[in-house]
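Okay, start-v4.cif is below, mmCIF, C-alpha atoms:
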```
data_run
loop_
_atom_site.group_PDB
_atom_site.id
_atom_site.type_symbol
_atom_site.label_atom_id
_atom_site.label_comp_id
_atom_site.auth_asym_id
_atom_site.auth_seq_id
_atom_site.Cartn_x
_atom_site.Cartn_y
_atom_site.Cartn_z
ATOM 1 C CA MET L 1 2.731 -1.563 17.742
ATOM 2 C CA ALA L 2 2.979 0.849 14.838
ATOM 3 C CA LYS L 3 0.162 1.222 12.320
ATOM 4 C CA PRO L 4 -0.059 3.247 9.090
ATOM 5 C CA ILE L 5 -0.193 7.021 9.525
ATOM 6 C CA ILE L 6 -2.124 7.541 6.291
ATOM 7 C CA LYS L 7 -5.105 5.807 4.728
ATOM 8 C CA TRP L 8 -4.515 4.171 1.364
ATOM 9 C CA ALA L 9 -6.968 2.528 -1.016
ATOM 10 C CA GLY L 10 -6.745 -1.239 -0.555
ATOM 11 C CA GLY L 11 -4.727 -0.983 2.680
ATOM 12 C CA LYS L 12 -4.221 -4.318 4.437
ATOM 13 C CA THR L 13 -4.225 -3.299 8.115
ATOM 14 C CA LYS L 14 -7.660 -4.812 8.827
ATOM 15 C CA VAL L 15 -6.967 -8.125 7.090
ATOM 16 C CA SER L 16 -3.298 -8.596 8.010
ATOM 17 C CA ALA L 17 -4.217 -11.217 10.640
ATOM 18 C CA GLU L 18 -6.029 -13.287 7.989
ATOM 19 C CA ILE L 19 -3.100 -13.006 5.601
ATOM 20 C CA VAL L 20 -0.711 -14.091 8.350
ATOM 21 C CA SER L 21 -2.959 -17.040 9.215
ATOM 22 C CA GLU L 22 -2.692 -18.264 5.627
ATOM 23 C CA MET L 23 1.082 -17.730 5.667
ATOM 24 C CA LYS L 24 1.394 -19.819 8.832
ATOM 25 C CA SER L 25 -0.474 -22.711 7.203
ATOM 26 C CA ARG L 26 2.668 -23.297 5.088
ATOM 27 C CA PRO L 27 1.335 -23.027 1.505
ATOM 28 C CA LEU L 28 3.313 -25.207 -0.920
ATOM 29 C CA GLY L 29 4.950 -26.799 2.143
ATOM 30 C CA LEU L 30 7.192 -23.770 2.681
ATOM 31 C CA ARG L 31 7.986 -21.344 5.497
ATOM 32 C CA TRP L 32 6.609 -17.855 4.761
ATOM 33 C CA THR L 33 8.575 -15.814 7.287
ATOM 34 C CA LEU L 34 11.660 -13.666 6.845
ATOM 35 C CA ARG L 35 14.561 -14.808 9.003
ATOM 36 C CA ALA L 36 18.191 -13.778 9.287
ATOM 37 C CA GLU L 37 19.264 -16.547 6.900
ATOM 38 C CA ASP L 38 16.926 -15.232 4.180
ATOM 39 C CA ASN L 39 17.599 -12.365 1.797
ATOM 40 C CA ARG L 40 14.981 -9.566 1.733
ATOM 41 C CA TYR L 41 11.320 -8.712 2.279
ATOM 42 C CA ILE L 42 10.099 -6.764 -0.778
ATOM 43 C CA GLU L 43 6.918 -4.785 -1.513
ATOM 44 C CA PRO L 44 6.528 -3.091 -4.925
ATOM 45 C CA PHE L 45 3.210 -1.374 -3.995
ATOM 46 C CA VAL L 46 3.811 -0.219 -0.416
ATOM 47 C CA GLY L 47 0.992 2.352 -0.114
ATOM 48 C CA GLY L 48 0.514 3.126 3.570
ATOM 49 C CA ALA L 49 2.739 0.157 4.590
ATOM 50 C CA GLY L 50 -0.163 -1.685 6.251
ATOM 51 C CA ALA L 51 0.941 -5.116 5.001
ATOM 52 C CA PHE L 52 4.549 -4.686 6.142
ATOM 53 C CA LEU L 53 3.546 -3.390 9.575
ATOM 54 C CA GLY L 54 0.969 -6.153 9.979
ATOM 55 C CA MET L 55 3.455 -8.896 9.133
ATOM 56 C CA LYS L 56 6.007 -7.323 11.448
ATOM 57 C CA ARG L 57 3.426 -7.046 14.236
ATOM 58 C CA HIS L 58 2.536 -10.736 13.864
ATOM 59 C CA GLY L 59 6.171 -11.862 13.901
ATOM 60 C CA MET L 60 6.456 -12.843 10.241
ATOM 61 C CA ILE L 61 9.348 -10.451 9.541
ATOM 62 C CA LYS L 62 12.071 -11.247 12.060
ATOM 63 C CA ALA L 63 15.059 -9.803 10.201
ATOM 64 C CA GLU L 64 15.428 -6.032 9.856
ATOM 65 C CA GLY L 65 17.752 -3.462 8.343
ATOM 66 C CA GLU L 66 18.110 -1.527 5.092
ATOM 67 C CA LYS L 67 19.534 -4.596 3.353
ATOM 68 C CA THR L 68 16.674 -6.853 4.426
ATOM 69 C CA VAL L 69 13.487 -4.809 3.837
ATOM 70 C CA LEU L 70 12.746 -2.977 0.572
ATOM 71 C CA LEU L 71 9.509 -0.985 0.279
ATOM 72 C CA ALA L 72 8.793 0.703 -3.054
ATOM 73 C CA ASP L 73 6.081 2.726 -4.758
ATOM 74 C CA ILE L 74 5.658 4.790 -7.932
ATOM 75 C CA ASN L 75 4.020 7.671 -6.033
ATOM 76 C CA GLU L 76 6.901 10.065 -5.380
ATOM 77 C CA VAL L 77 5.015 12.238 -2.867
ATOM 78 C CA LEU L 78 4.193 9.116 -0.858
ATOM 79 C CA VAL L 79 7.779 7.846 -0.975
ATOM 80 C CA THR L 80 9.169 11.244 0.029
ATOM 81 C CA THR L 81 6.758 11.270 2.989
ATOM 82 C CA LEU L 82 7.755 7.776 4.141
ATOM 83 C CA ARG L 83 11.474 8.451 3.753
ATOM 84 C CA THR L 84 11.179 11.703 5.699
ATOM 85 C CA MET L 85 9.326 9.860 8.461
ATOM 86 C CA LYS L 86 12.354 7.587 8.954
ATOM 87 C CA ARG L 87 14.377 10.321 10.632
ATOM 88 C CA GLU L 88 13.616 11.149 14.262
ATOM 89 C CA LYS L 89 14.559 14.830 13.997
ATOM 90 C CA GLN L 90 12.410 15.303 10.905
ATOM 91 C CA VAL L 91 9.444 13.597 12.541
ATOM 92 C CA GLU L 92 9.527 16.221 15.275
ATOM 93 C CA GLU L 93 9.544 18.922 12.598
ATOM 94 C CA ILE L 94 6.541 17.281 10.912
ATOM 95 C CA ILE L 95 4.709 17.169 14.252
ATOM 96 C CA LYS L 96 5.382 20.867 14.762
ATOM 97 C CA ARG L 97 4.125 21.696 11.251
ATOM 98 C CA LEU L 98 0.996 19.532 11.614
ATOM 99 C CA ARG L 99 0.176 21.153 14.930
ATOM 100 C CA GLU L 100 0.183 24.539 13.190
ATOM 101 C CA MET L 101 -1.892 23.204 10.276
ATOM 102 C CA GLU L 102 -4.406 21.589 12.633
ATOM 103 C CA ALA L 103 -4.940 24.906 14.431
ATOM 104 C CA GLU L 104 -5.366 26.802 11.175
ATOM 105 C CA PHE L 105 -7.758 24.194 9.798
ATOM 106 C CA LYS L 106 -9.868 24.574 12.929
ATOM 107 C CA ASP L 107 -10.109 28.309 12.260
ATOM 108 C CA ARG L 108 -10.442 28.361 8.457
ATOM 109 C CA GLY L 109 -11.826 24.902 7.643
ATOM 110 C CA GLU L 110 -12.681 24.348 3.978
ATOM 111 C CA GLU L 111 -10.818 27.456 2.805
ATOM 112 C CA PHE L 112 -7.592 26.202 4.386
ATOM 113 C CA TYR L 113 -8.037 22.686 2.952
ATOM 114 C CA TYR L 114 -8.288 23.961 -0.629
ATOM 115 C CA ASP L 115 -5.484 26.435 -0.050
ATOM 116 C CA ARG L 116 -3.164 23.608 1.028
ATOM 117 C CA ARG L 117 -4.343 21.350 -1.812
ATOM 118 C CA SER L 118 -3.514 24.158 -4.245
ATOM 119 C CA HIS L 119 -0.068 24.496 -2.656
ATOM 120 C CA LEU L 120 0.520 20.768 -3.174
ATOM 121 C CA ASN L 121 -0.664 20.855 -6.785
ATOM 122 C CA SER L 122 1.147 24.042 -7.798
ATOM 123 C CA GLY L 123 4.577 22.828 -6.780
ATOM 124 C CA ILE L 124 5.111 19.791 -4.569
ATOM 125 C CA ILE L 125 3.325 17.221 -6.682
ATOM 126 C CA HIS L 126 5.254 18.069 -9.869
ATOM 127 C CA ASP L 127 8.693 17.475 -8.349
ATOM 128 C CA PRO L 128 8.785 16.421 -4.681
ATOM 129 C CA SER L 129 12.534 15.798 -4.919
ATOM 130 C CA VAL L 130 13.282 19.547 -5.057
ATOM 131 C CA SER L 131 10.746 20.517 -2.388
ATOM 132 C CA ASP L 132 11.340 20.793 1.337
ATOM 133 C CA SER L 133 10.753 17.221 2.539
ATOM 134 C CA ILE L 134 9.086 18.440 5.747
ATOM 135 C CA ASP L 135 6.654 20.466 3.632
ATOM 136 C CA VAL L 136 5.955 17.449 1.388
ATOM 137 C CA ALA L 137 5.314 15.056 4.295
ATOM 138 C CA SER L 138 3.230 17.440 6.377
ATOM 139 C CA HIS L 139 1.027 18.319 3.396
ATOM 140 C CA MET L 140 0.472 14.718 2.410
ATOM 141 C CA ILE L 141 -0.475 13.728 5.957
ATOM 142 C CA PHE L 142 -2.706 16.794 6.434
ATOM 143 C CA LEU L 143 -4.540 16.308 3.134
ATOM 144 C CA ASN L 144 -4.900 12.570 3.713
ATOM 145 C CA LYS L 145 -6.523 13.236 7.093
ATOM 146 C CA THR L 146 -8.890 15.924 5.806
ATOM 147 C CA CYS L 147 -9.839 14.812 2.273
ATOM 148 C CA PHE L 148 -12.813 12.591 1.418
ATOM 149 C CA ASN L 149 -12.216 9.053 2.701
ATOM 150 C CA GLY L 150 -8.433 9.512 2.637
ATOM 151 C CA LEU L 151 -8.347 8.873 -1.124
ATOM 152 C CA TRP L 152 -5.306 9.923 -3.134
ATOM 153 C CA ARG L 153 -7.099 10.625 -6.424
ATOM 154 C CA VAL L 154 -5.481 12.601 -9.221
ATOM 155 C CA ASN L 155 -6.540 14.110 -12.542
ATOM 156 C CA SER L 156 -4.871 13.795 -15.956
ATOM 157 C CA LYS L 157 -2.214 16.314 -14.860
ATOM 158 C CA GLY L 158 -1.331 14.229 -11.827
ATOM 159 C CA GLU L 159 -2.853 16.789 -9.461
ATOM 160 C CA LEU L 160 -4.819 15.823 -6.365
ATOM 161 C CA ASN L 161 -8.533 16.470 -6.931
ATOM 162 C CA THR L 162 -10.130 14.779 -3.923
ATOM 163 C CA PRO L 163 -12.596 17.136 -2.206
ATOM 164 C CA ILE L 164 -12.641 17.909 1.494
ATOM 165 C CA GLY L 165 -14.073 15.157 3.654
ATOM 166 C CA ARG L 166 -16.882 15.323 6.174
ATOM 167 C CA THR L 167 -17.374 13.488 9.470
ATOM 168 C CA PRO L 168 -20.655 13.114 11.398
ATOM 169 C CA SER L 169 -19.186 14.974 14.370
ATOM 170 C CA GLY L 170 -17.438 17.580 12.261
ATOM 171 C CA ARG L 171 -14.187 16.803 14.077
ATOM 172 C CA VAL L 172 -11.024 15.655 12.338
ATOM 173 C CA THR L 173 -7.927 14.294 14.089
ATOM 174 C CA ILE L 174 -4.969 15.528 12.096
ATOM 175 C CA LEU L 175 -2.116 15.152 14.560
ATOM 176 C CA ASP L 176 -1.435 11.948 16.502
ATOM 177 C CA GLU L 177 2.056 12.424 17.908
ATOM 178 C CA ASN L 178 2.423 8.914 19.351
ATOM 179 C CA ALA L 179 1.318 7.268 16.099
ATOM 180 C CA LEU L 180 3.835 9.312 14.103
ATOM 181 C CA ARG L 181 6.717 8.469 16.428
ATOM 182 C CA GLU L 182 5.823 4.760 16.551
ATOM 183 C CA PHE L 183 5.581 4.608 12.763
ATOM 184 C CA SER L 184 8.941 6.341 12.424
ATOM 185 C CA GLN L 185 10.573 3.839 14.753
ATOM 186 C CA ALA L 186 9.098 0.902 12.811
ATOM 187 C CA ILE L 187 10.481 2.022 9.433
ATOM 188 C CA ARG L 188 13.744 3.620 10.547
ATOM 189 C CA GLU L 189 16.072 0.803 9.464
ATOM 190 C CA ILE L 190 14.468 -0.119 6.149
ATOM 191 C CA ASP L 191 15.013 0.913 2.528
ATOM 192 C CA ILE L 192 12.196 2.919 0.909
ATOM 193 C CA VAL L 193 12.547 3.719 -2.793
ATOM 194 C CA HIS L 194 10.681 5.568 -5.528
ATOM 195 C CA GLN L 195 10.485 2.915 -8.210
ATOM 196 C CA ASP L 196 8.137 1.343 -10.735
ATOM 197 C CA TRP L 197 6.753 -2.048 -9.706
ATOM 198 C CA LYS L 198 8.330 -3.715 -12.749
ATOM 199 C CA ASP L 199 11.840 -2.742 -11.650
ATOM 200 C CA THR L 200 11.158 -3.813 -8.073
ATOM 201 C CA LEU L 201 9.932 -7.271 -9.063
ATOM 202 C CA LEU L 202 12.732 -7.674 -11.597
ATOM 203 C CA GLY L 203 15.192 -7.492 -8.708
ATOM 204 C CA ALA L 204 13.458 -10.216 -6.661
ATOM 205 C CA GLY L 205 14.947 -13.698 -6.552
ATOM 206 C CA ALA L 206 16.354 -16.462 -4.384
ATOM 207 C CA GLY L 207 15.877 -15.942 -0.647
ATOM 208 C CA ASP L 208 13.402 -13.082 -1.027
ATOM 209 C CA LEU L 209 9.913 -12.922 0.489
ATOM 210 C CA VAL L 210 7.734 -10.722 -1.733
ATOM 211 C CA TYR L 211 4.268 -9.326 -1.020
ATOM 212 C CA VAL L 212 2.468 -7.847 -4.028
ATOM 213 C CA ASP L 213 -0.741 -5.850 -3.577
ATOM 214 C CA PRO L 214 -1.492 -4.090 -6.889
ATOM 215 C CA PRO L 215 -4.582 -1.959 -7.578
ATOM 216 C CA TYR L 216 -7.641 -4.229 -7.606
ATOM 217 C CA TRP L 217 -8.435 -6.176 -10.750
ATOM 218 C CA PRO L 218 -12.135 -5.410 -11.477
ATOM 219 C CA THR L 219 -14.563 -8.317 -11.694
ATOM 220 C CA ASP L 220 -17.686 -8.222 -13.859
ATOM 221 C CA GLY L 221 -19.722 -5.065 -13.289
ATOM 222 C CA GLU L 222 -17.587 -3.956 -10.346
ATOM 223 C CA TYR L 223 -16.180 -0.509 -9.661
ATOM 224 C CA VAL L 224 -12.776 -0.367 -8.031
ATOM 225 C CA PHE L 225 -10.738 2.721 -7.209
ATOM 226 C CA ARG L 226 -7.808 3.050 -9.629
ATOM 227 C CA ASP L 227 -7.199 6.805 -10.007
ATOM 228 C CA TYR L 228 -3.782 6.717 -8.329
ATOM 229 C CA ASP L 229 -1.894 8.531 -11.061
ATOM 230 C CA ALA L 230 -2.246 10.549 -14.231
ATOM 231 C CA LYS L 231 -1.912 7.399 -16.347
ATOM 232 C CA GLY L 232 -5.391 6.334 -15.259
ATOM 233 C CA GLY L 233 -4.495 3.306 -13.204
ATOM 234 C CA PHE L 234 -4.163 -0.354 -14.105
ATOM 235 C CA ASP L 235 -5.875 -1.936 -17.090
ATOM 236 C CA GLU L 236 -6.165 -5.668 -17.739
ATOM 237 C CA LYS L 237 -2.899 -5.766 -19.694
ATOM 238 C CA GLU L 238 -1.069 -4.266 -16.718
ATOM 239 C CA GLN L 239 -2.689 -6.779 -14.355
ATOM 240 C CA GLU L 240 -1.573 -9.659 -16.600
ATOM 241 C CA ALA L 241 1.955 -8.208 -16.559
ATOM 242 C CA VAL L 242 1.950 -8.140 -12.735
ATOM 243 C CA ALA L 243 0.895 -11.798 -12.635
ATOM 244 C CA GLN L 244 3.640 -12.776 -15.080
ATOM 245 C CA SER L 245 6.338 -10.773 -13.267
ATOM 246 C CA CYS L 246 5.355 -12.372 -9.950
ATOM 247 C CA ALA L 247 5.585 -15.833 -11.483
ATOM 248 C CA GLU L 248 8.983 -15.073 -13.004
ATOM 249 C CA ALA L 249 10.285 -13.825 -9.636
ATOM 250 C CA ALA L 250 9.067 -17.075 -8.065
ATOM 251 C CA ALA L 251 10.772 -19.120 -10.777
ATOM 252 C CA ARG L 252 14.015 -17.299 -9.900
ATOM 253 C CA GLY L 253 13.685 -18.483 -6.295
ATOM 254 C CA ALA L 254 11.512 -15.909 -4.494
ATOM 255 C CA ARG L 255 8.531 -16.776 -2.316
ATOM 256 C CA VAL L 256 5.787 -14.505 -3.647
ATOM 257 C CA ILE L 257 2.391 -13.626 -2.124
ATOM 258 C CA ILE L 258 -0.184 -11.739 -4.195
ATOM 259 C CA SER L 259 -3.467 -10.134 -3.099
ATOM 260 C CA ASN L 260 -6.218 -9.183 -5.535
ATOM 261 C CA ASN L 261 -9.948 -9.462 -6.179
ATOM 262 C CA TYR L 262 -11.252 -13.003 -6.403
ATOM 263 C CA SER L 263 -12.912 -14.428 -9.474
ATOM 264 C CA GLU L 264 -12.369 -17.657 -11.362
ATOM 265 C CA GLY L 265 -10.972 -15.643 -14.282
ATOM 266 C CA ILE L 266 -8.422 -13.858 -12.095
ATOM 267 C CA ALA L 267 -7.414 -17.148 -10.461
ATOM 268 C CA ARG L 268 -6.873 -18.696 -13.897
ATOM 269 C CA ALA L 269 -4.727 -15.731 -14.958
ATOM 270 C CA TYR L 270 -2.318 -16.337 -12.062
ATOM 271 C CA SER L 271 -2.285 -20.076 -12.791
ATOM 272 C CA ARG L 272 -1.432 -19.410 -16.451
ATOM 273 C CA ALA L 273 1.367 -17.066 -15.443
ATOM 274 C CA ALA L 274 2.849 -19.633 -13.049
ATOM 275 C CA ARG L 275 2.657 -22.390 -15.648
ATOM 276 C CA LYS L 276 4.323 -20.204 -18.282
ATOM 277 C CA ALA L 277 7.154 -19.142 -15.962
ATOM 278 C CA GLY L 278 7.694 -22.600 -14.477
ATOM 279 C CA ALA L 279 6.734 -21.654 -10.904
ATOM 280 C CA ARG L 280 4.598 -23.502 -8.374
ATOM 281 C CA ILE L 281 1.289 -21.974 -7.271
ATOM 282 C CA SER L 282 -0.909 -22.598 -4.219
ATOM 283 C CA ARG L 283 -4.354 -24.148 -4.059
ATOM 284 C CA ALA L 284 -7.071 -24.162 -1.407
ATOM 285 C CA ARG L 285 -6.104 -25.495 2.035
ATOM 286 C CA ARG L 286 -7.944 -28.815 1.595
ATOM 287 C CA GLY L 287 -6.502 -29.632 -1.771
ATOM 288 C CA GLY L 288 -9.262 -28.129 -3.903
ATOM 289 C CA SER L 289 -8.727 -26.471 -7.250
ATOM 290 C CA LYS L 290 -9.584 -22.928 -6.129
ATOM 291 C CA GLN L 291 -7.113 -20.388 -4.834
ATOM 292 C CA ARG L 292 -7.042 -19.350 -1.187
ATOM 293 C CA ARG L 293 -9.386 -16.500 -0.354
ATOM 294 C CA ILE L 294 -10.033 -14.062 2.455
ATOM 295 C CA ALA L 295 -13.203 -12.049 3.075
ATOM 296 C CA LEU L 296 -13.166 -8.305 3.576
ATOM 297 C CA LYS L 297 -15.583 -5.396 3.403
ATOM 298 C CA ARG L 298 -15.119 -2.393 1.163
ATOM 299 C CA THR L 299 -17.186 0.140 -0.772
ATOM 300 C CA MET L 300 -17.594 -1.146 -4.295
ATOM 301 C CA THR L 301 -19.460 1.705 -6.025
ATOM 302 C CA LYS L 302 -18.911 5.392 -6.700
ATOM 303 C CA VAL L 303 -22.042 6.303 -4.745
ATOM 304 C CA LYS L 304 -21.317 8.268 -1.590
ATOM 305 C CA GLY L 305 -22.895 6.600 1.426
ATOM 306 C CA GLU L 306 -23.230 3.215 -0.269
ATOM 307 C CA PRO L 307 -23.073 0.387 2.332
ATOM 308 C CA ARG L 308 -19.813 -1.501 2.510
ATOM 309 C CA LYS L 309 -20.188 -4.921 0.942
ATOM 310 C CA GLU L 310 -18.384 -8.112 1.817
ATOM 311 C CA VAL L 311 -16.329 -9.434 -1.056
ATOM 312 C CA GLU L 312 -13.673 -12.084 -1.451
ATOM 313 C CA GLU L 313 -10.039 -11.391 -2.131
ATOM 314 C CA ILE L 314 -7.690 -13.907 -3.677
ATOM 315 C CA LEU L 315 -4.451 -14.760 -1.888
ATOM 316 C CA VAL L 316 -1.940 -16.426 -4.199
ATOM 317 C CA PHE L 317 1.328 -18.045 -3.126
ATOM 318 C CA MET L 318 4.024 -18.742 -5.719
ATOM 319 C CA ALA L 319 7.404 -20.411 -5.288
ATOM 320 C CA PRO L 320 10.144 -22.050 -7.359
ATOM 321 C CA GLN L 321 9.908 -25.651 -8.436
ATOM 322 C CA LYS L 322 11.350 -28.225 -6.032
ATOM 323 C CA ASN L 323 14.943 -29.214 -6.677
#
```

Have the structure of the file written as structure tokens, please.
Amino acid sequence: MAKPIIKWAGGKTKVSAEIVSEMKSRPLGLRWTLRAEDNRYIEPFVGGAGAFLGMKRHGMIKAEGEKTVLLADINEVLVTTLRTMKREKQVEEIIKRLREMEAEFKDRGEEFYYDRRSHLNSGIIHDPSVSDSIDVASHMIFLNKTCFNGLWRVNSKGELNTPIGRTPSGRVTILDENALREFSQAIREIDIVHQDWKDTLLGAGAGDLVYVDPPYWPTDGEYVFRDYDAKGGFDEKEQEAVAQSCAEAAARGARVIISNNYSEGIARAYSRAARKAGARISRARRGGSKQRRIALKRTMTKVKGEPRKEVEEILVFMAPQKN
């Protein structure tokens, strides 16, 4: 089954089975699958599409088509890449381009990496819509595979500033033809849009299944990666707005799932939002007061080489009030 072709901070590929397990336990007494009789599956922060592909792989998304799956993101280079990957002919062009870039990277190494990053920053990143879509997609995939830890990190001008990455073996796999073709097949019949999360959630309502995975909400003393765009990422006000928009979508009839860091304060923020909007919100499986949680490992500091630490992530389910 298809998996993401690019790494993305906070990607859900490794924990999709845990998320699906919680979905199957019927939070709030509801079914958390997308069937033909439902409306749409919606993601406002699609990233590398790990959550969508994981749910599809585990049979949670049974309906397909451009009218039934909507994936959105504010990163225009990312969206252009994903939309280009939908088309079989263009995928073959991307494969051809990546094969050439892989060979040149083998010969020129670091010099070629920074040359291609400069090409991205000098033109593509400022207006991907007027660039050759094959050039946009091949550069994003190449840079994602060769930069440090696959991080899309930008400066105040919106330009990629992630340095070249290093591997213990010195080898980097840039082109995986089968993975690209499988990914293309998996997203071919879905709608992928360049759109702010607020607009995406505003359109969610009755019959929709929504999965929301915003940038992590920092807990006390914790570093989380938030340098996705020139605006400097999400602050607490933005996080509160996400919680409120999710609750309002649930009050309109959507079934909404939210992932984020776990802390009692963050859990209370989602509970407040649900109460204010008039939506129902999940609790722990055995009827406790705490929200559902899943464990995962990730690097929590800026220090290169820091061991990955196990932390807890909150998993919130919201739905409309019973009739």

Going by the chain IDs and residue numbers used in this file, which residues fall under the PyMOL selection byres ((chain L and resi 67-71) around 9)? Write them as a list in words. Leu34, Ala36, Asp38, Asn39, Arg40, Tyr41, Ile42, Glu43, Pro44, Phe45, Val46, Ala49, Phe52, Ala63, Glu64, Gly65, Glu66, Ala72, Asp73, Glu189, Ile190, Asp191, Ile192, Val193, His194, Thr200 and Asp208 of chain L

Export, as a PDB file, in the coordinates of the input, the selected residues with C-alpha atoms.
```pdb
ATOM      1  CA  LEU L  34      11.660 -13.666   6.845  1.00  0.00           C
ATOM      2  CA  ALA L  36      18.191 -13.778   9.287  1.00  0.00           C
ATOM      3  CA  ASP L  38      16.926 -15.232   4.180  1.00  0.00           C
ATOM      4  CA  ASN L  39      17.599 -12.365   1.797  1.00  0.00           C
ATOM      5  CA  ARG L  40      14.981  -9.566   1.733  1.00  0.00           C
ATOM      6  CA  TYR L  41      11.320  -8.712   2.279  1.00  0.00           C
ATOM      7  CA  ILE L  42      10.099  -6.764  -0.778  1.00  0.00           C
ATOM      8  CA  GLU L  43       6.918  -4.785  -1.513  1.00  0.00           C
ATOM      9  CA  PRO L  44       6.528  -3.091  -4.925  1.00  0.00           C
ATOM     10  CA  PHE L  45       3.210  -1.374  -3.995  1.00  0.00           C
ATOM     11  CA  VAL L  46       3.811  -0.219  -0.416  1.00  0.00           C
ATOM     12  CA  ALA L  49       2.739   0.157   4.590  1.00  0.00           C
ATOM     13  CA  PHE L  52       4.549  -4.686   6.142  1.00  0.00           C
ATOM     14  CA  ALA L  63      15.059  -9.803  10.201  1.00  0.00           C
ATOM     15  CA  GLU L  64      15.428  -6.032   9.856  1.00  0.00           C
ATOM     16  CA  GLY L  65      17.752  -3.462   8.343  1.00  0.00           C
ATOM     17  CA  GLU L  66      18.110  -1.527   5.092  1.00  0.00           C
ATOM     18  CA  ALA L  72       8.793   0.703  -3.054  1.00  0.00           C
ATOM     19  CA  ASP L  73       6.081   2.726  -4.758  1.00  0.00           C
ATOM     20  CA  GLU L 189      16.072   0.803   9.464  1.00  0.00           C
ATOM     21  CA  ILE L 190      14.468  -0.119   6.149  1.00  0.00           C
ATOM     22  CA  ASP L 191      15.013   0.913   2.528  1.00  0.00           C
ATOM     23  CA  ILE L 192      12.196   2.919   0.909  1.00  0.00           C
ATOM     24  CA  VAL L 193      12.547   3.719  -2.793  1.00  0.00           C
ATOM     25  CA  HIS L 194      10.681   5.568  -5.528  1.00  0.00           C
ATOM     26  CA  THR L 200      11.158  -3.813  -8.073  1.00  0.00           C
ATOM     27  CA  ASP L 208      13.402 -13.082  -1.027  1.00  0.00           C
TER      28      ASP L 208
END
```

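Remark: for Trp217 (chain L), the closest of the candidate residues L:Arg87, L:Lys12, L:Lys237, L:Lys198 is L:Lys237 (distances computed over all atoms listed in the file).
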
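Summary of the local environment: counting only C-alpha atoms, residues at most 12 Å from Pro320 (chain L), other than itself and those fewer than 5 positions away along its chain, are Leu28, Gly29, Leu30, Gly205, Ala206, Gly207, Asp208, Cys246, Ala247, Glu248, Ala249, Ala250, Ala251, Arg252, Gly253, Ala254, Arg255, Val256, Ala274, Arg275, Ala277, Gly278, Ala279, Arg280, Ile281 and Ser282 of chain L.
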
Adding 8 Å on each side of the box along x, y and z that holds all listed atoms of region 240-258 of chain L, could you give its centre and edge lengths in Å to one decimal, as AutoDock Vina command-line options?
```
--center_x 6.2 --center_y -13.6 --center_z -9.4 --size_x 31.6 --size_y 27.0 --size_z 30.5
```

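Counting only C-alpha atoms, the residue from L:Gln291, L:Asn149, L:Asn155, L:Asn260 that sits nearest to Ile125 (chain L) is L:Asn155.
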
Which residue, L:Arg117, L:Lys62, L:Lys145, L:Arg26, has the smallest gap to Lys7 (chain L) when you use only C-alpha atoms? L:Lys145

Given the PyMOL selection byres ((chain L and resi 212) around 6) and the file above, list the residues it selects as a PyMOL selection string. chain L and resi 43+211+213+258
